[in-house]
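J.: Provided herewith is a single structure, encoded as structure tokens, for subsequent inquiry.
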Amino acid sequence: MLRKQKTMDKHYLDELNDGQRAAVLYNDGPSLVIAGAGSGKTRVLTYKIAHLLELGYDPWNILALTFTNKAAREMKERIARQVGDRARYLWMGTFHSIFSRILRMESQTIGFTSNFTIYDSSDSKSLIKSIVKEMQLDDKVYKPGMIQSRISNAKNRLILPDAYAADGNIYRSDMDAKVPATRDIYRRYWERCRQSDAMDFDDLLVYTYLLFKDYPSIRDKYVSQFHYVLVDEYQDTNFAQHSIVLQLTQERQRVCVVGDDAQSIYSFRGANIDNILKFTQIYRGAKLFKLEQNYRSTQTIVCAANSLIAKNSEQIHKEVFSQKDKGDPIGVFNAYSDVEEGDIVANKINQLHHREGYAYSDFAVLYRTNAQSRIFEEALRKRTLPYKIYGGLSFYQRKEVKDVVSYFRLAVNPNDEEAFKRVLNYPARGIGDTTLNKILGAANEYNVSLWKVLVAPLEYGLNINKGTHTKLQGFRELIEGFILAAQEKDAYEVGSAIVRQSGIMNEIYQDRTPENLSRQENIEELVNGIHDFCATRREEGNEHVMLTDYLSEISLLTDQDTDKEGDTEKITLMTIHSAKGLEFKNVFVVGLEENLFPSQLSMNSYRELEEERRLFYVAITRAEDHCFLSFAKSRFKYGKMEFSSPSRFLKDIDVRYLSVPQEEQAIRRSVDNTPRFQPSPRFTSFSTHPEVKSERPRVESVRPVSPPKFMRVSASSPRPSTGVVSSALQVGNVIEHERFGIGEVMKVEGVGDNCKATVKFRNAGEKQLLLKFARFKVIG
DNA sequence: CCGATACGCATTTTT
DNA sequence: TGCGTATCGG
């Protein structure tokens, strides 16, 4: 075994280029890996971790932090392929999930329970909104979203309420923004979250930092656990994340961060590009490795992107190059209108698909704002080209789902204020705003949670009549029942019981409006999701899968983690932000107009403009074979036709790499059969195809979307089989398991629900599967 | 407590 | 324009 690993080691080191190998092999001190677009960043990270394991590090001594669940999952899978089962014990995950795991273990120390709720941003916004209201401030001035982002910024910089209130610069800035009371809102918000046993996303970082800072013995515990720390996408870290990494690594200095300053596009969320730019100053003697060979794109695309990014001033110098073909110049399309831009792009896709044999999944249309998607949808729909749009409401943001989840949250943590408010009167039970406000008032007065007031209304001097009291106690008993159930039964049982007993089912199953039908489906999906979750966990050997486990998992999931099913052969439509980290054979970057890209709002500051340019850089470098840029001379914005001029960014690209106009005129005439004369394309489009608008149902917003597939390896994983099918399993069968891949059945034992199989997987080693729960299909 | 209507506002969003 | 929220009236 050991020898085999050794040879594998050799083998994979040979798969790396010199720069990559140097980065993998250097482990004696801090290192910064600047990884140009498409230069094999993930490969370096995974091989480095595999290499550390070869060197004798135990997996639980390695901490690897990413920004997305997807990145963590993919990396873990790739490492598992190298080192097998040991990968399971790596501490690898998103900042937020790893920190929430630590915080749940240490929660008592900082005054939380291990069941604390994680508020998503709509919860925190709603809490801020009610605080603004309670303070009798004008919410036209104190816009909840704006206050939220000011508080979030403060937290990302580790500025707590006291420091916030004491900071003159911040106060001046709040004054300038006409929101001087922000500091008071922040303080109340902070207290209310604590009262509710809840943390928002930023708190997961803040409290981790505080825990390590205020309790050195706890910090020491983790410092001595994590012998080596790796961070992906370091350019996107904020000050809090950087500080925690520093807390964990400053003694030992075994830290490797990977990123690309040229792809820093999240400063609006607090990412601080200085973290990566100044890494070598903070970790003195840090080694700098540069990965400059791009394996993704043609030379032309790489050169064009280089010439663009050279216009930025603040960056770590690097020379990204490609040894692939020179490739075609970047096509620039110049459209009269937004609608025509859609037509040009759709036609070009059609053409490439038919003439060059590209699959639809080889195409991506990338735009700056989600609002631009509609035009492309229509253009593609008109030609019946398959597409999928990313963006929009995620599954867990849907009203009915949030409602159900709020009951779950209360069952696990009744102090959760946002969940409480959401369901106190849903389904309607005659507890109106007046009563809620009384409870809120008492809770504020006594500094307790809403639930505590509800449980002992008289102690907190709640002035309510007999009828209301009865209704409140009815609600209380309902929730107490759920609380009890959540302590005893498993997540799936409690979950389905809550869905039934809360009355939400009755509410939604009353009639068959399309909205209700879709809600029903969403709730069914949710319940199925819990079932999946329990099954997966149980398969891993967890006997009791509780509701609280489920909640802590889903509160950190996003729709990014959802593989849409049956979407393998479709054109991708998404914002450039969401395209980061992806690659496509053919990329269309659209809407290259002043005030759109770069966005109007980014033009006041140099830094923001540079970030927009980096965004454009990200867009171009997604392309492998062909990249096209387009702009429209006029476009509908907010219901008005607006004229626009080409983006300044077009001039930032060296013209040598562009194929500017003319050509697309020919395409337009030969392929497009819509009338050429279009005084007002929007109207023409409507009158020629009135059905386009009316026929198009708003399916995207009504149709249920699948919740994330828990731990599923890929969208193409086999359909789950049921216990009935799998009980026929015999020794010697070859099965394909959803997560572990292909393996051979070595042993079958037990009967019925207890039937267990030992399976030797090619990549995942030997596993025991409880057939009742295992998801696989027999393939031989 | 719901529905109709008016109003305002509108980048990007890994968790 | 088109959506989500606020508010008023029944």
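How things are named: the first chain in the structure tokens is A, the next is B, and so on; residues count from 1 in each chain; ligands count from 1 in the order shown.
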What's around Ala271 in chain A at 7 Å? Count only C-alpha atoms (C1' of nucleotides), leave out sequence neighbours fewer than 4 positions away in its own chain, and write the answer as a VMD selection string.

T.: chain A and resid 236 to 238 266 to 267

J.: Skipping near chain neighbours, those fewer than 2 positions away, what residues fall within 7 Å of range 291-295 of chain A using only C-alpha atoms (C1' of nucleotides), listed as a PyMOL selection string?

T.: chain A and resi 19-20+34-39+289+297+318-322

J.: Restricting the output to C-alpha atoms, write the selected residues as a PDB file, in the first residue's frame.

T.:
```pdb
ATOM      1  CA  GLY A  19       6.146  26.006 -11.474  1.00  0.00           C
ATOM      2  CA  GLN A  20       3.338  23.797 -10.259  1.00  0.00           C
ATOM      3  CA  ILE A  34      -0.277  33.320  -7.830  1.00  0.00           C
ATOM      4  CA  ALA A  35      -2.263  31.262 -10.244  1.00  0.00           C
ATOM      5  CA  GLY A  36      -3.128  32.893 -13.533  1.00  0.00           C
ATOM      6  CA  ALA A  37      -6.431  32.056 -15.142  1.00  0.00           C
ATOM      7  CA  GLY A  38      -6.577  28.452 -16.302  1.00  0.00           C
ATOM      8  CA  SER A  39      -3.125  27.639 -14.917  1.00  0.00           C
ATOM      9  CA  PHE A 289       5.223  30.935  -6.857  1.00  0.00           C
ATOM     10  CA  SER A 297      -7.404  29.182 -23.821  1.00  0.00           C
ATOM     11  CA  LYS A 318       2.947  37.970 -14.166  1.00  0.00           C
ATOM     12  CA  GLU A 319       3.143  36.803 -17.717  1.00  0.00           C
ATOM     13  CA  VAL A 320       0.425  34.363 -18.497  1.00  0.00           C
ATOM     14  CA  PHE A 321       1.038  32.469 -21.718  1.00  0.00           C
ATOM     15  CA  SER A 322      -0.530  29.662 -23.654  1.00  0.00           C
TER      16      SER A 322
END
```

J.: What are the residues of chain A that have an atom within 8 Å of an atom of chain C, counting only C-alpha atoms (C1' of nucleotides), as a list of chain:residue names?

T.: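 Every residue of chain A that passes the 8 Å test is in A:Lys637, A:Tyr638, A:Gly639, A:Lys640.
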
J.: Those same residues - N, CA and C atoms - I'd like them written as a compact mmCIF listing (two decimals), in the first residue's frame.

T.:
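Printed below is part23.txt as written:
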```txt
# COMPACT_ATOMS: atom_id res chain seq x y z
N LYS A 637 -33.84 50.35 -21.01
CA LYS A 637 -33.47 50.36 -19.60
C LYS A 637 -34.59 51.02 -18.83
N TYR A 638 -35.11 50.34 -17.86
CA TYR A 638 -36.19 50.89 -17.06
C TYR A 638 -37.32 51.40 -17.92
N GLY A 639 -37.61 50.66 -18.97
CA GLY A 639 -38.74 51.01 -19.80
C GLY A 639 -38.47 52.11 -20.81
N LYS A 640 -37.26 52.66 -20.77
CA LYS A 640 -36.95 53.69 -21.75
C LYS A 640 -35.82 53.23 -22.66
```

J.: Would you list which chain B residues are within 12 Å of chain A using only C-alpha atoms (C1' of nucleotides), as a PDB file with N, CA and C atoms (P, O5', C5', C4', C3', O3' and C1' of nucleotides), in the first residue's frame?

T.:
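The resulting file, iface08.pdb, is shown below:
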```pdb
ATOM      1  P    DC B   1     -55.338  38.302  11.307  1.00  0.00           P
ATOM      2  O5'  DC B   1     -56.184  38.442   9.964  1.00  0.00           O
ATOM      3  C5'  DC B   1     -57.116  37.521   9.499  1.00  0.00           C
ATOM      4  C4'  DC B   1     -57.257  37.859   8.054  1.00  0.00           C
ATOM      5  C3'  DC B   1     -55.920  37.920   7.303  1.00  0.00           C
ATOM      6  O3'  DC B   1     -56.126  37.340   6.032  1.00  0.00           O
ATOM      7  C1'  DC B   1     -57.054  39.960   7.040  1.00  0.00           C
ATOM      8  P    DC B   2     -55.029  36.655   5.261  1.00  0.00           P
ATOM      9  O5'  DC B   2     -55.497  36.917   3.772  1.00  0.00           O
ATOM     10  C5'  DC B   2     -56.858  36.675   3.424  1.00  0.00           C
ATOM     11  C4'  DC B   2     -57.376  37.800   2.542  1.00  0.00           C
ATOM     12  C3'  DC B   2     -56.528  38.037   1.292  1.00  0.00           C
ATOM     13  O3'  DC B   2     -57.308  37.704   0.155  1.00  0.00           O
ATOM     14  C1'  DC B   2     -57.137  40.095   2.354  1.00  0.00           C
ATOM     15  P    DG B   8     -43.042  57.426  -4.424  1.00  0.00           P
ATOM     16  O5'  DG B   8     -41.679  56.641  -4.226  1.00  0.00           O
ATOM     17  C5'  DG B   8     -41.609  55.532  -3.338  1.00  0.00           C
ATOM     18  C4'  DG B   8     -40.557  54.545  -3.875  1.00  0.00           C
ATOM     19  C3'  DG B   8     -39.494  55.207  -4.763  1.00  0.00           C
ATOM     20  O3'  DG B   8     -38.289  54.489  -4.659  1.00  0.00           O
ATOM     21  C1'  DG B   8     -40.511  53.566  -5.983  1.00  0.00           C
ATOM     22  P    DC B   9     -37.052  55.023  -3.899  1.00  0.00           P
ATOM     23  O5'  DC B   9     -36.010  53.818  -4.038  1.00  0.00           O
ATOM     24  C5'  DC B   9     -36.477  52.473  -3.941  1.00  0.00           C
ATOM     25  C4'  DC B   9     -36.094  51.677  -5.182  1.00  0.00           C
ATOM     26  C3'  DC B   9     -34.986  52.340  -6.012  1.00  0.00           C
ATOM     27  O3'  DC B   9     -34.016  51.412  -6.345  1.00  0.00           O
ATOM     28  C1'  DC B   9     -36.669  51.577  -7.400  1.00  0.00           C
ATOM     29  P    DA B  10     -32.826  51.080  -5.731  1.00  0.00           P
ATOM     30  O5'  DA B  10     -32.251  49.722  -6.330  1.00  0.00           O
ATOM     31  C5'  DA B  10     -33.185  48.699  -6.639  1.00  0.00           C
ATOM     32  C4'  DA B  10     -33.012  48.334  -8.076  1.00  0.00           C
ATOM     33  C3'  DA B  10     -31.735  48.868  -8.677  1.00  0.00           C
ATOM     34  O3'  DA B  10     -30.904  47.763  -8.884  1.00  0.00           O
ATOM     35  C1'  DA B  10     -33.562  49.150 -10.171  1.00  0.00           C
ATOM     36  P    DT B  11     -30.155  47.270  -9.913  1.00  0.00           P
ATOM     37  O5'  DT B  11     -28.976  47.552  -8.939  1.00  0.00           O
ATOM     38  C5'  DT B  11     -27.731  47.556  -9.359  1.00  0.00           C
ATOM     39  C4'  DT B  11     -27.351  46.459 -10.359  1.00  0.00           C
ATOM     40  C3'  DT B  11     -27.232  45.065  -9.763  1.00  0.00           C
ATOM     41  O3'  DT B  11     -27.266  44.159 -10.830  1.00  0.00           O
ATOM     42  C1'  DT B  11     -25.119  46.017 -10.126  1.00  0.00           C
ATOM     43  P    DT B  12     -27.566  42.637 -10.417  1.00  0.00           P
ATOM     44  O5'  DT B  12     -26.100  42.164 -10.087  1.00  0.00           O
ATOM     45  C5'  DT B  12     -25.368  41.436 -11.047  1.00  0.00           C
ATOM     46  C4'  DT B  12     -24.003  41.159 -10.499  1.00  0.00           C
ATOM     47  C3'  DT B  12     -24.028  40.278  -9.269  1.00  0.00           C
ATOM     48  O3'  DT B  12     -23.809  38.951  -9.675  1.00  0.00           O
ATOM     49  C1'  DT B  12     -22.447  42.088  -9.091  1.00  0.00           C
ATOM     50  P    DT B  13     -24.889  37.874  -9.354  1.00  0.00           P
ATOM     51  O5'  DT B  13     -24.407  37.400  -7.917  1.00  0.00           O
ATOM     52  C5'  DT B  13     -23.045  37.138  -7.665  1.00  0.00           C
ATOM     53  C4'  DT B  13     -22.919  36.936  -6.175  1.00  0.00           C
ATOM     54  C3'  DT B  13     -24.058  36.114  -5.602  1.00  0.00           C
ATOM     55  O3'  DT B  13     -23.495  35.069  -4.852  1.00  0.00           O
ATOM     56  C1'  DT B  13     -23.807  38.137  -4.375  1.00  0.00           C
ATOM     57  P    DT B  14     -23.981  33.618  -4.912  1.00  0.00           P
ATOM     58  O5'  DT B  14     -23.302  33.201  -3.517  1.00  0.00           O
ATOM     59  C5'  DT B  14     -21.975  33.541  -3.341  1.00  0.00           C
ATOM     60  C4'  DT B  14     -21.140  32.272  -3.490  1.00  0.00           C
ATOM     61  C3'  DT B  14     -20.795  31.697  -2.129  1.00  0.00           C
ATOM     62  O3'  DT B  14     -20.645  30.294  -2.251  1.00  0.00           O
ATOM     63  C1'  DT B  14     -18.854  32.390  -3.188  1.00  0.00           C
ATOM     64  P    DT B  15     -21.715  29.357  -1.620  1.00  0.00           P
ATOM     65  O5'  DT B  15     -21.605  29.757  -0.082  1.00  0.00           O
ATOM     66  C5'  DT B  15     -20.426  29.508   0.636  1.00  0.00           C
ATOM     67  C4'  DT B  15     -20.586  30.235   1.954  1.00  0.00           C
ATOM     68  C3'  DT B  15     -21.828  29.825   2.719  1.00  0.00           C
ATOM     69  O3'  DT B  15     -21.416  29.062   3.851  1.00  0.00           O
ATOM     70  C1'  DT B  15     -21.585  32.189   2.675  1.00  0.00           C
TER      71       DT B  15
END
```

J.: Between CA of Lys125 in chain A and CA of Ile147 in chain A, what is the distance in Å, rounded to a tenth?

T.: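 Between CA of Lys125 in chain A and CA of Ile147 in chain A the gap works out to 8.6 Å.
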
J.: Name the residues of range 496-681 of chain A that come out as strand (DSSP E or B) in a backbone DSSP run; write them as an NGL selection string.

T.: :A and (571-575 or 584-589 or 593 or 595-596 or 599 or 623-637 or 640-643 or 646 or 658-659)

J.: Restricting it to C-alpha atoms, dump the selection as a short mmCIF file (atom, residue, chain, number, x, y, z; two decimals), in the first residue's frame.

T.:
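Output saved as selection_9.cif:
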```cif
data_model
loop_
_atom_site.label_atom_id
_atom_site.label_comp_id
_atom_site.auth_asym_id
_atom_site.auth_seq_id
_atom_site.Cartn_x
_atom_site.Cartn_y
_atom_site.Cartn_z
CA ILE A 571 -26.42 26.95 -23.46
CA THR A 572 -25.40 28.67 -20.26
CA LEU A 573 -26.64 32.15 -19.46
CA MET A 574 -25.14 33.74 -16.38
CA THR A 575 -23.52 36.79 -14.91
CA PHE A 584 -16.51 27.07 -21.88
CA LYS A 585 -15.37 26.40 -25.41
CA ASN A 586 -17.20 29.46 -26.68
CA VAL A 587 -17.90 32.53 -24.65
CA PHE A 588 -20.00 35.55 -25.53
CA VAL A 589 -19.42 38.56 -23.37
CA GLU A 593 -21.32 49.49 -23.22
CA ASN A 595 -22.65 52.64 -18.03
CA LEU A 596 -23.43 48.98 -18.22
CA SER A 599 -21.29 49.81 -14.58
CA ALA A 623 -13.14 30.94 -23.08
CA GLU A 624 -11.20 28.01 -24.44
CA ASP A 625 -11.61 28.28 -28.22
CA HIS A 626 -13.63 31.33 -29.14
CA CYS A 627 -14.47 34.52 -27.42
CA PHE A 628 -16.91 37.09 -28.73
CA LEU A 629 -17.65 40.55 -27.48
CA SER A 630 -20.76 42.47 -28.30
CA PHE A 631 -22.42 45.77 -27.62
CA ALA A 632 -25.62 47.47 -28.66
CA LYS A 633 -26.05 51.07 -29.64
CA SER A 634 -29.37 51.28 -27.96
CA ARG A 635 -31.01 49.35 -25.21
CA PHE A 636 -34.16 49.40 -23.15
CA LYS A 637 -33.47 50.36 -19.60
CA LYS A 640 -36.95 53.69 -21.75
CA MET A 641 -34.82 53.41 -24.82
CA GLU A 642 -31.31 54.55 -24.06
CA PHE A 643 -28.43 55.16 -26.40
CA PRO A 646 -19.09 51.11 -26.71
CA LEU A 658 -9.68 41.57 -32.31
CA SER A 659 -11.67 41.04 -35.41
#
```

J.: Skipping near chain neighbours, those fewer than 4 positions away, what residues fall within 12 Å of Lys489 in chain A using only C-alpha atoms (C1' of nucleotides), listed as a compact mmCIF listing (two decimals) with C-alpha atoms, in the first residue's frame?

T.:
```txt
# COMPACT_ATOMS: atom_id res chain seq x y z
CA ALA A 411 -38.04 23.37 16.88
CA GLY A 481 -44.34 19.60 20.67
CA PHE A 482 -41.95 20.15 17.79
CA ILE A 483 -39.09 20.86 20.16
CA LEU A 484 -39.68 17.59 21.92
CA ALA A 485 -39.96 15.69 18.68
CA GLU A 493 -39.60 12.11 10.90
CA VAL A 494 -39.71 15.45 12.63
CA GLY A 495 -39.58 17.27 9.36
CA SER A 496 -42.55 15.52 7.85
CA ALA A 497 -44.48 15.72 11.12
CA ILE A 498 -43.91 19.47 11.26
CA CYS A 534 -30.69 11.45 6.43
CA GLU A 543 -27.07 6.63 13.59
CA HIS A 544 -29.04 9.62 14.71
CA VAL A 545 -29.49 12.28 12.11
CA MET A 546 -31.20 15.13 13.85
CA LEU A 547 -33.06 18.12 12.54
CA THR A 548 -30.37 20.41 13.88
```

J.: Mind giving me the straight-line distance from CA of Ile523 in chain A to CA of Val401 in chain A in Å, one decimal?

T.: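 Those two atoms sit 6.3 Å apart.
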
J.: Please report the interatomic distance between CA of Leu517 in chain A and CA of Ala491 in chain A in Å with one decimal.

T.: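 Interatomic distance here is 24.7 Å.
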